[in-house]
>>> print(open('input_14.tsv').read())   # TSV, C-alpha atoms
chain	number	residue	atom	x	y	z
A	1	MET	CA	-6.11	22.76	-12.18
A	2	ALA	CA	-9.43	21.12	-11.28
A	3	LYS	CA	-10.76	21.75	-7.82
A	4	THR	CA	-10.77	18.96	-5.27
A	5	ASN	CA	-14.27	17.57	-4.74
A	6	VAL	CA	-15.15	17.15	-1.07
A	7	LEU	CA	-18.13	15.41	0.55
A	8	VAL	CA	-19.09	16.60	4.05
A	9	VAL	CA	-20.74	14.09	6.39
A	10	GLU	CA	-21.94	15.87	9.56
A	11	ASP	CA	-25.25	15.52	11.37
A	12	GLU	CA	-25.19	18.96	13.03
A	13	SER	CA	-26.57	21.36	10.43
A	14	ILE	CA	-24.79	24.46	11.73
A	15	VAL	CA	-21.45	22.67	11.96
A	16	SER	CA	-21.91	21.19	8.48
A	17	LYS	CA	-22.60	24.62	6.95
A	18	ASP	CA	-19.60	26.10	8.75
A	19	ILE	CA	-17.35	23.34	7.36
A	20	GLN	CA	-18.73	23.84	3.86
A	21	HIS	CA	-18.14	27.57	4.10
A	22	SER	CA	-14.54	27.01	5.20
A	23	LEU	CA	-13.94	24.54	2.38
A	24	LYS	CA	-15.21	26.96	-0.24
A	25	LYS	CA	-13.00	29.73	1.17
A	26	LEU	CA	-10.03	27.38	0.89
A	27	GLY	CA	-10.82	26.72	-2.78
A	28	TYR	CA	-12.40	23.27	-2.53
A	29	ASN	CA	-15.56	22.18	-4.32
A	30	VAL	CA	-18.24	20.81	-1.98
A	31	VAL	CA	-20.12	18.16	-3.99
A	32	GLY	CA	-22.61	17.37	-1.25
A	33	ALA	CA	-23.44	17.16	2.43
A	34	ALA	CA	-24.99	14.27	4.33
A	35	ALA	CA	-26.31	13.92	7.86
A	36	THR	CA	-26.43	10.10	7.94
A	37	GLY	CA	-24.22	7.27	6.87
A	38	GLU	CA	-26.80	5.95	4.46
A	39	LYS	CA	-27.10	9.30	2.68
A	40	ALA	CA	-23.31	9.61	2.63
A	41	LEU	CA	-22.98	6.29	0.78
A	42	GLU	CA	-25.56	7.44	-1.77
A	43	LEU	CA	-23.60	10.65	-2.42
A	44	VAL	CA	-20.29	8.79	-2.61
A	45	ALA	CA	-21.78	6.58	-5.33
A	46	SER	CA	-23.39	9.43	-7.29
A	47	GLU	CA	-20.87	12.27	-6.85
A	48	ASN	CA	-17.62	10.31	-6.66
A	49	PRO	CA	-15.81	12.82	-4.39
A	50	ASP	CA	-12.03	12.97	-4.13
A	51	ILE	CA	-12.15	12.95	-0.34
A	52	VAL	CA	-14.72	12.62	2.46
A	53	LEU	CA	-14.82	14.57	5.73
A	54	MET	CA	-16.63	12.27	8.15
A	55	ASP	CA	-18.03	12.98	11.61
A	56	ILE	CA	-17.53	9.88	13.75
A	57	MET	CA	-20.66	10.22	15.88
A	58	LEU	CA	-23.49	10.25	13.33
A	59	LYS	CA	-27.13	9.81	14.18
A	60	GLY	CA	-28.93	6.80	12.79
A	61	ASP	CA	-28.03	3.14	12.33
A	62	MET	CA	-24.57	3.75	10.84
A	63	THR	CA	-21.77	5.49	12.71
A	64	GLY	CA	-19.11	7.47	10.91
A	65	ILE	CA	-16.74	4.56	11.47
A	66	ASP	CA	-19.19	2.12	9.86
A	67	THR	CA	-19.67	4.49	6.94
A	68	ALA	CA	-15.94	5.02	6.47
A	69	ALA	CA	-15.41	1.27	6.33
A	70	ARG	CA	-18.01	0.97	3.56
A	71	VAL	CA	-16.49	3.88	1.63
A	72	LYS	CA	-13.09	2.23	1.79
A	73	GLU	CA	-14.49	-1.14	0.73
A	74	THR	CA	-16.58	0.12	-2.18
A	75	LYS	CA	-14.69	3.14	-3.51
A	76	GLY	CA	-11.28	3.42	-1.86
A	77	ILE	CA	-11.80	7.15	-1.37
A	78	PRO	CA	-9.72	8.72	1.43
A	79	VAL	CA	-11.65	9.64	4.59
A	80	ILE	CA	-10.72	12.19	7.24
A	81	PHE	CA	-12.55	11.91	10.55
A	82	LEU	CA	-13.97	15.01	12.21
A	83	THR	CA	-14.82	14.55	15.86
A	84	ALA	CA	-15.08	16.17	19.24
A	85	TYR	CA	-14.14	12.86	20.83
A	86	ALA	CA	-10.46	12.06	21.32
A	87	ASP	CA	-10.68	9.23	23.87
A	88	GLU	CA	-8.65	6.06	23.39
A	89	SER	CA	-11.72	3.87	22.82
A	90	THR	CA	-12.95	6.03	19.94
A	91	LEU	CA	-9.46	6.24	18.44
A	92	ALA	CA	-9.05	2.47	18.61
A	93	LYS	CA	-12.30	1.90	16.71
A	94	ALA	CA	-11.52	4.61	14.17
A	95	LYS	CA	-8.01	3.28	13.42
A	96	ILE	CA	-9.45	0.02	12.09
A	97	THR	CA	-10.77	1.83	9.01
A	98	GLU	CA	-7.29	3.30	8.33
A	99	PRO	CA	-8.43	6.93	7.92
A	100	TYR	CA	-6.22	9.48	6.19
A	101	GLY	CA	-6.58	12.01	8.98
A	102	TYR	CA	-8.22	12.74	12.31
A	103	ILE	CA	-9.21	16.31	13.17
A	104	ILE	CA	-10.45	17.28	16.62
A	105	LYS	CA	-13.30	19.81	16.69
A	106	PRO	CA	-13.26	22.75	16.96
A	107	PHE	CA	-10.51	23.21	14.41
A	108	LYS	CA	-9.00	26.02	12.38
A	109	GLU	CA	-9.18	26.36	8.61
A	110	ILE	CA	-5.44	25.77	8.37
A	111	ASP	CA	-5.91	22.41	10.10
A	112	LEU	CA	-8.59	21.49	7.59
A	113	HIS	CA	-6.47	22.55	4.63
A	114	THR	CA	-3.35	20.78	5.86
A	115	SER	CA	-5.16	17.54	6.64
A	116	ILE	CA	-6.90	17.43	3.25
A	117	GLU	CA	-3.72	18.13	1.28
A	118	MET	CA	-1.70	15.56	3.21
A	119	ALA	CA	-4.44	12.97	2.78
A	120	LEU	CA	-4.68	13.59	-0.97
A	121	TYR	CA	-0.90	13.37	-1.33
A	122	LYS	CA	-0.74	10.11	0.60
A	123	HIS	CA	-3.62	8.64	-1.38
A	124	GLY	CA	-2.01	9.68	-4.64
A	125	LYS	CA	1.26	8.01	-3.70
A	126	GLU	CA	-0.56	4.82	-2.74
A	127	LYS	CA	-2.26	4.78	-6.13
A	128	GLU	CA	1.13	5.19	-7.82
A	129	VAL	CA	2.44	2.21	-5.86
A	130	GLU	CA	-0.56	0.12	-6.91
A	131	LYS	CA	0.08	0.97	-10.56
A	132	GLU	CA	3.75	0.14	-10.18
A	133	ARG	CA	2.95	-3.22	-8.65
A	134	ASP	CA	0.67	-3.98	-11.58
A	135	LEU	CA	3.46	-3.09	-14.00
A	136	LEU	CA	6.31	-4.79	-12.21
A	137	PHE	CA	6.88	-8.31	-13.49
A	138	ASN	CA	3.97	-7.92	-15.90
A	139	ILE	CA	5.85	-9.80	-18.56
A	140	VAL	CA	6.50	-12.88	-16.42
A	141	GLU	CA	2.79	-13.10	-15.78
A	142	ASN	CA	2.94	-14.79	-19.15
A	143	LYS	CA	4.62	-18.01	-18.02
A	144	GLU	CA	6.39	-18.37	-21.37
A	145	ASN	CA	8.49	-15.30	-20.64
A	146	THR	CA	10.90	-16.13	-17.82
A	147	ASP	CA	14.14	-14.69	-19.20
A	148	PHE	CA	13.64	-11.17	-17.87
A	149	ILE	CA	11.51	-8.95	-15.68
A	150	PHE	CA	10.99	-5.21	-15.37
A	151	VAL	CA	11.79	-3.37	-12.15
A	152	LYS	CA	11.43	0.32	-11.34
A	153	SER	CA	14.63	2.29	-10.89
A	154	ASN	CA	14.76	6.10	-10.67
A	155	SER	CA	11.26	6.48	-12.14
A	156	ARG	CA	12.09	4.15	-15.04
A	157	LEU	CA	11.16	0.54	-15.71
A	158	VAL	CA	14.43	-1.30	-16.23
A	159	LYS	CA	14.69	-4.63	-18.02
A	160	LEU	CA	16.51	-7.13	-15.80
A	161	LYS	CA	17.64	-10.58	-16.93
A	162	THR	CA	16.68	-13.24	-14.40
A	163	ASP	CA	20.06	-14.87	-15.10
A	164	ASP	CA	21.69	-11.84	-13.48
A	165	ILE	CA	19.72	-12.06	-10.23
A	166	TYR	CA	21.68	-13.49	-7.32
A	167	PHE	CA	19.16	-13.20	-4.51
A	168	VAL	CA	16.07	-11.38	-3.29
A	169	GLU	CA	15.85	-10.10	0.27
A	170	ALA	CA	12.80	-9.01	2.29
A	171	LEU	CA	13.00	-5.57	3.87
A	172	LYS	CA	9.84	-4.69	5.83
A	173	ASP	CA	7.24	-3.67	3.22
A	174	TYR	CA	9.77	-3.88	0.41
A	175	VAL	CA	11.94	-6.44	-1.32
A	176	VAL	CA	15.46	-5.87	-2.66
A	177	ILE	CA	16.46	-7.62	-5.88
A	178	ASN	CA	20.23	-8.09	-5.94
A	179	THR	CA	22.46	-8.64	-8.94
A	180	LEU	CA	26.24	-8.78	-8.72
A	181	ASN	CA	26.61	-5.02	-9.09
A	182	SER	CA	23.14	-3.53	-8.53
A	183	ARG	CA	20.27	-3.43	-6.04
A	184	TYR	CA	16.63	-2.68	-6.89
A	185	THR	CA	14.22	-1.90	-4.06
A	186	ILE	CA	10.54	-2.30	-4.87
A	187	HIS	CA	7.28	-2.26	-2.93
A	188	SER	CA	6.16	-5.90	-2.97
A	189	THR	CA	6.09	-9.09	-0.90
A	190	MET	CA	8.29	-12.16	-0.93
A	191	LYS	CA	5.26	-14.32	-1.68
A	192	ASP	CA	4.48	-12.26	-4.77
A	193	ILE	CA	8.10	-12.28	-5.94
A	194	GLU	CA	8.42	-16.02	-5.38
A	195	ARG	CA	5.30	-16.62	-7.45
A	196	LYS	CA	6.51	-14.52	-10.37
A	197	LEU	CA	10.13	-15.61	-10.63
A	198	PRO	CA	10.77	-18.77	-12.69
A	199	GLY	CA	10.49	-21.59	-10.16
A	200	ASP	CA	12.97	-23.86	-11.94
A	201	ASN	CA	15.80	-21.41	-11.26
A	202	PHE	CA	14.92	-19.85	-7.91
A	203	ILE	CA	14.24	-21.23	-4.46
A	204	ARG	CA	13.12	-19.78	-1.14
A	205	VAL	CA	15.76	-20.71	1.46
A	206	HIS	CA	14.64	-18.47	4.30
A	207	ARG	CA	11.57	-16.40	5.15
A	208	SER	CA	13.61	-13.35	4.10
A	209	PHE	CA	15.65	-14.76	1.18
A	210	ILE	CA	15.13	-16.21	-2.30
A	211	VAL	CA	18.26	-17.27	-4.20
A	212	ARG	CA	19.05	-18.34	-7.73
A	213	LEU	CA	20.14	-21.99	-7.60
A	214	ASP	CA	23.00	-21.71	-10.08
A	215	LYS	CA	24.53	-18.84	-8.06
A	216	ILE	CA	25.08	-21.05	-4.99
A	217	SER	CA	28.80	-21.63	-4.53
A	218	ALA	CA	28.83	-23.61	-1.29
A	219	ILE	CA	26.66	-24.69	1.62
A	220	GLU	CA	28.06	-24.47	5.12
A	221	GLN	CA	25.22	-25.17	7.51
A	222	PRO	CA	23.33	-23.16	8.56
A	223	ASN	CA	24.27	-20.87	5.66
A	224	LEU	CA	24.90	-20.92	1.95
A	225	ILE	CA	27.45	-18.84	0.04
A	226	LEU	CA	26.85	-17.28	-3.36
A	227	GLU	CA	29.51	-17.34	-6.07
A	228	ASN	CA	31.34	-14.11	-6.99
A	229	ASP	CA	29.12	-12.10	-4.68
A	230	LYS	CA	30.39	-14.16	-1.67
A	231	LYS	CA	27.15	-13.23	0.08
A	232	ILE	CA	26.32	-15.46	3.04
A	233	ILE	CA	22.61	-16.36	3.15
A	234	PRO	CA	21.00	-18.10	6.16
A	235	ILE	CA	19.05	-21.30	5.53
A	236	GLY	CA	15.75	-21.47	7.41
A	237	GLY	CA	14.95	-24.76	9.08
A	238	SER	CA	11.64	-25.21	7.29
A	239	TYR	CA	13.30	-24.61	3.89
A	240	LYS	CA	16.28	-26.96	4.31
A	241	GLU	CA	14.57	-30.13	3.06
A	242	GLU	CA	13.38	-28.52	-0.18
A	243	LEU	CA	16.86	-27.08	-0.82
A	244	VAL	CA	18.45	-30.52	-0.47
A	245	LYS	CA	15.96	-31.90	-2.98
A	246	ARG	CA	16.72	-29.17	-5.51
A	247	ILE	CA	20.53	-29.35	-5.51
A	248	ASN	CA	22.43	-32.16	-7.23
A	249	LEU	CA	23.75	-33.83	-4.08
A	250	ILE	CA	26.10	-36.79	-4.58
>>> encode(input="input_14.tsv", output="structure tokens")
Amino acid sequence: MAKTNVLVVEDESIVSKDIQHSLKKLGYNVVGAAATGEKALELVASENPDIVLMDIMLKGDMTGIDTAARVKETKGIPVIFLTAYADESTLAKAKITEPYGYIIKPFKEIDLHTSIEMALYKHGKEKEVEKERDLLFNIVENKENTDFIFVKSNSRLVKLKTDDIYFVEALKDYVVINTLNSRYTIHSTMKDIERKLPGDNFIRVHRSFIVRLDKISAIEQPNLILENDKKIIPIGGSYKEELVKRINLI
């Protein structure tokens, strides 16, 4: 297995060498060390590390927080902050860059190892989710194909006919696609789902619900009822007018 490549960004020479020594003992490959944010960005571009250990309080024009923000923007490489400062003000500024860890100096080698492994695992999972989101519904990106979509279920991509979908429900950072007998939970947004489902057959009736029009059995304000499933779906006030337009009201 290839070693993990680590970039160390620390402006205190003795501390930097100590960190590098610890990393090598732990089996990591140190691809470079920088004392300034500017040098760190150069090494990130040239060495392409797997992870960056970043001191927050760097000397020079760029702080560690500034540098971490640039690393995230340009490369998406996970950053772990190393700092002797644990005050609320510093934490608040650091959180904006969404670091993958925050280690208070002085620290033990086990802390370093644990933080790096957890950060790499989290980053790997996030990359998997990004790939899944690119794959999910990839066929309906071609607007001519609206008869089916692919959703992930138990590590497989399952072909799902859009005719079988009853409703889609928002659930925090996920959406749940519901058929009569099955539920598929995926990492996506309602806006993305709404855009990719065939608009002639589906309608958003609530901030948390999209339904298939031909599955609506009855409307009893402020709800609608789906056929067979008998699911009761709330109708949001801002969606009511569009729903009335879309149904064949006599």
>>> residues_near_point(input="input_14.tsv", point="(19.1, -13.3, -1.8)", cutoff="7 Å", atoms="all atoms listed in the file", output="number ranges by chain")
A: 166-169, 178, 209-211, 233
>>> atom_distance(input="input_14.tsv", atom1="atom CA of Ile51 of chain A", atom2="atom CA of Asn5 of chain A")
6.7 Å
>>> residues_around(input="input_14.tsv", residues="segment 117-134 of chain A", least_positions_apart="2", cutoff="10 Å", atoms="only C-alpha atoms", output="MDAnalysis selection string")
chainID A and resid 4 50:51 76:80 99:101 112:115 136:138 151:152 157 186:188 192
>>> atom_distance(input="input_14.tsv", atom1="atom CA of Met54 of chain A", atom2="atom CA of Ala68 of chain A")
7.5 Å
>>> atom_distance(input="input_14.tsv", atom1="atom CA of Ile110 of chain A", atom2="atom CA of Glu42 of chain A")
29.0 Å
>>> residues_around(input="input_14.tsv", residues="Ile14 of chain A", least_positions_apart="5", cutoff="12 Å", atoms="all atoms listed in the file", output="PyMOL selection string")
chain A and resi 19-21+33+35
>>> residues_around(input="input_14.tsv", residues="Thr83 of chain A", least_positions_apart="5", cutoff="6 Å", atoms="all atoms listed in the file", output="number ranges by chain")
A: 55-56, 104-105
>>> closest_residue(input="input_14.tsv", among="A:Gly37, A:Gly237, A:Gly32, A:Gly199", to="Lys59 of chain A", atoms="only C-alpha atoms")
A:Gly37
>>> residues_around(input="input_14.tsv", residues="Asp61 of chain A", least_positions_apart="3", cutoff="9 Å", atoms="all atoms listed in the file", output="list in words")
Thr36, Gly37, Glu38 and Leu58 of chain A
>>> write_last_selection(input="input_14.tsv", atoms="C-alpha atoms", output="PDB file, in the coordinates of the input")
ATOM      1  CA  THR A  36     -26.430  10.100   7.940  1.00  0.00           C
ATOM      2  CA  GLY A  37     -24.220   7.270   6.870  1.00  0.00           C
ATOM      3  CA  GLU A  38     -26.800   5.950   4.460  1.00  0.00           C
ATOM      4  CA  LEU A  58     -23.490  10.250  13.330  1.00  0.00           C
TER       5      LEU A  58
END
>>> closest_residue(input="input_14.tsv", among="A:Asp173, A:Asp229, A:Glu194, A:Asp147", to="Leu160 of chain A", atoms="all atoms listed in the file")
A:Asp147
>>> closest_residue(input="input_14.tsv", among="A:Ala84, A:Leu41, A:Lys108, A:Ile203", to="Asp18 of chain A", atoms="only C-alpha atoms")
A:Lys108
>>> build_atoms(input="input_14.tsv", residues="segment 178-207 of chain A", atoms="N, CA and C atoms", output="PDB file, in the coordinates of the input")
ATOM      1  N   ASN A 178      18.783  -8.293  -5.885  1.00  0.00           N
ATOM      2  CA  ASN A 178      20.230  -8.090  -5.940  1.00  0.00           C
ATOM      3  C   ASN A 178      20.855  -8.811  -7.125  1.00  0.00           C
ATOM      4  N   THR A 179      21.589  -8.049  -7.941  1.00  0.00           N
ATOM      5  CA  THR A 179      22.460  -8.640  -8.940  1.00  0.00           C
ATOM      6  C   THR A 179      23.887  -8.508  -8.404  1.00  0.00           C
ATOM      7  N   LEU A 180      24.862  -8.861  -9.197  1.00  0.00           N
ATOM      8  CA  LEU A 180      26.240  -8.780  -8.720  1.00  0.00           C
ATOM      9  C   LEU A 180      26.637  -7.333  -8.431  1.00  0.00           C
ATOM     10  N   ASN A 181      26.160  -6.403  -9.234  1.00  0.00           N
ATOM     11  CA  ASN A 181      26.610  -5.020  -9.090  1.00  0.00           C
ATOM     12  C   ASN A 181      25.507  -4.012  -8.785  1.00  0.00           C
ATOM     13  N   SER A 182      24.254  -4.473  -8.723  1.00  0.00           N
ATOM     14  CA  SER A 182      23.140  -3.530  -8.530  1.00  0.00           C
ATOM     15  C   SER A 182      22.124  -4.062  -7.532  1.00  0.00           C
ATOM     16  N   ARG A 183      21.367  -3.104  -6.962  1.00  0.00           N
ATOM     17  CA  ARG A 183      20.270  -3.430  -6.040  1.00  0.00           C
ATOM     18  C   ARG A 183      19.035  -2.647  -6.483  1.00  0.00           C
ATOM     19  N   TYR A 184      17.874  -3.325  -6.511  1.00  0.00           N
ATOM     20  CA  TYR A 184      16.630  -2.680  -6.890  1.00  0.00           C
ATOM     21  C   TYR A 184      15.604  -2.904  -5.777  1.00  0.00           C
ATOM     22  N   THR A 185      15.188  -1.814  -5.149  1.00  0.00           N
ATOM     23  CA  THR A 185      14.220  -1.900  -4.060  1.00  0.00           C
ATOM     24  C   THR A 185      12.837  -1.580  -4.584  1.00  0.00           C
ATOM     25  N   ILE A 186      11.893  -2.496  -4.377  1.00  0.00           N
ATOM     26  CA  ILE A 186      10.540  -2.300  -4.870  1.00  0.00           C
ATOM     27  C   ILE A 186       9.535  -2.601  -3.759  1.00  0.00           C
ATOM     28  N   HIS A 187       8.349  -2.041  -3.897  1.00  0.00           N
ATOM     29  CA  HIS A 187       7.280  -2.260  -2.930  1.00  0.00           C
ATOM     30  C   HIS A 187       6.531  -3.521  -3.333  1.00  0.00           C
ATOM     31  N   SER A 188       6.790  -4.625  -2.636  1.00  0.00           N
ATOM     32  CA  SER A 188       6.160  -5.900  -2.970  1.00  0.00           C
ATOM     33  C   SER A 188       6.311  -6.833  -1.771  1.00  0.00           C
ATOM     34  N   THR A 189       5.938  -8.088  -1.957  1.00  0.00           N
ATOM     35  CA  THR A 189       6.090  -9.090  -0.900  1.00  0.00           C
ATOM     36  C   THR A 189       6.900 -10.268  -1.425  1.00  0.00           C
ATOM     37  N   MET A 190       7.500 -10.997  -0.522  1.00  0.00           N
ATOM     38  CA  MET A 190       8.290 -12.160  -0.930  1.00  0.00           C
ATOM     39  C   MET A 190       7.398 -13.212  -1.584  1.00  0.00           C
ATOM     40  N   LYS A 191       6.184 -13.347  -1.097  1.00  0.00           N
ATOM     41  CA  LYS A 191       5.260 -14.320  -1.680  1.00  0.00           C
ATOM     42  C   LYS A 191       4.969 -13.983  -3.125  1.00  0.00           C
ATOM     43  N   ASP A 192       4.772 -12.696  -3.410  1.00  0.00           N
ATOM     44  CA  ASP A 192       4.480 -12.260  -4.770  1.00  0.00           C
ATOM     45  C   ASP A 192       5.693 -12.460  -5.674  1.00  0.00           C
ATOM     46  N   ILE A 193       6.874 -12.107  -5.161  1.00  0.00           N
ATOM     47  CA  ILE A 193       8.100 -12.280  -5.940  1.00  0.00           C
ATOM     48  C   ILE A 193       8.353 -13.746  -6.231  1.00  0.00           C
ATOM     49  N   GLU A 194       8.188 -14.583  -5.218  1.00  0.00           N
ATOM     50  CA  GLU A 194       8.420 -16.020  -5.380  1.00  0.00           C
ATOM     51  C   GLU A 194       7.500 -16.602  -6.443  1.00  0.00           C
ATOM     52  N   ARG A 195       6.275 -16.125  -6.487  1.00  0.00           N
ATOM     53  CA  ARG A 195       5.300 -16.620  -7.450  1.00  0.00           C
ATOM     54  C   ARG A 195       5.661 -16.215  -8.879  1.00  0.00           C
ATOM     55  N   LYS A 196       6.278 -15.059  -9.034  1.00  0.00           N
ATOM     56  CA  LYS A 196       6.510 -14.520 -10.370  1.00  0.00           C
ATOM     57  C   LYS A 196       7.888 -14.822 -10.949  1.00  0.00           C
ATOM     58  N   LEU A 197       8.832 -15.198 -10.102  1.00  0.00           N
ATOM     59  CA  LEU A 197      10.130 -15.610 -10.630  1.00  0.00           C
ATOM     60  C   LEU A 197      10.037 -17.046 -11.133  1.00  0.00           C
ATOM     61  N   PRO A 198      10.821 -17.393 -12.159  1.00  0.00           N
ATOM     62  CA  PRO A 198      10.770 -18.770 -12.690  1.00  0.00           C
ATOM     63  C   PRO A 198      11.184 -19.790 -11.634  1.00  0.00           C
ATOM     64  N   GLY A 199      10.265 -20.649 -11.262  1.00  0.00           N
ATOM     65  CA  GLY A 199      10.490 -21.590 -10.160  1.00  0.00           C
ATOM     66  C   GLY A 199      11.592 -22.601 -10.391  1.00  0.00           C
ATOM     67  N   ASP A 200      11.911 -22.888 -11.658  1.00  0.00           N
ATOM     68  CA  ASP A 200      12.970 -23.860 -11.940  1.00  0.00           C
ATOM     69  C   ASP A 200      14.342 -23.327 -11.539  1.00  0.00           C
ATOM     70  N   ASN A 201      14.492 -22.005 -11.499  1.00  0.00           N
ATOM     71  CA  ASN A 201      15.800 -21.410 -11.260  1.00  0.00           C
ATOM     72  C   ASN A 201      15.970 -20.786  -9.879  1.00  0.00           C
ATOM     73  N   PHE A 202      14.858 -20.514  -9.198  1.00  0.00           N
ATOM     74  CA  PHE A 202      14.920 -19.850  -7.910  1.00  0.00           C
ATOM     75  C   PHE A 202      14.287 -20.687  -6.807  1.00  0.00           C
ATOM     76  N   ILE A 203      14.775 -20.478  -5.591  1.00  0.00           N
ATOM     77  CA  ILE A 203      14.240 -21.230  -4.460  1.00  0.00           C
ATOM     78  C   ILE A 203      14.236 -20.355  -3.210  1.00  0.00           C
ATOM     79  N   ARG A 204      13.222 -20.481  -2.429  1.00  0.00           N
ATOM     80  CA  ARG A 204      13.120 -19.780  -1.140  1.00  0.00           C
ATOM     81  C   ARG A 204      13.918 -20.599  -0.125  1.00  0.00           C
ATOM     82  N   VAL A 205      14.923 -19.980   0.493  1.00  0.00           N
ATOM     83  CA  VAL A 205      15.760 -20.710   1.460  1.00  0.00           C
ATOM     84  C   VAL A 205      15.591 -20.179   2.880  1.00  0.00           C
ATOM     85  N   HIS A 206      14.845 -19.104   2.992  1.00  0.00           N
ATOM     86  CA  HIS A 206      14.640 -18.470   4.300  1.00  0.00           C
ATOM     87  C   HIS A 206      13.422 -17.577   4.156  1.00  0.00           C
ATOM     88  N   ARG A 207      12.755 -17.266   5.243  1.00  0.00           N
ATOM     89  CA  ARG A 207      11.570 -16.400   5.150  1.00  0.00           C
ATOM     90  C   ARG A 207      11.922 -15.043   4.538  1.00  0.00           C
TER      91      ARG A 207
END
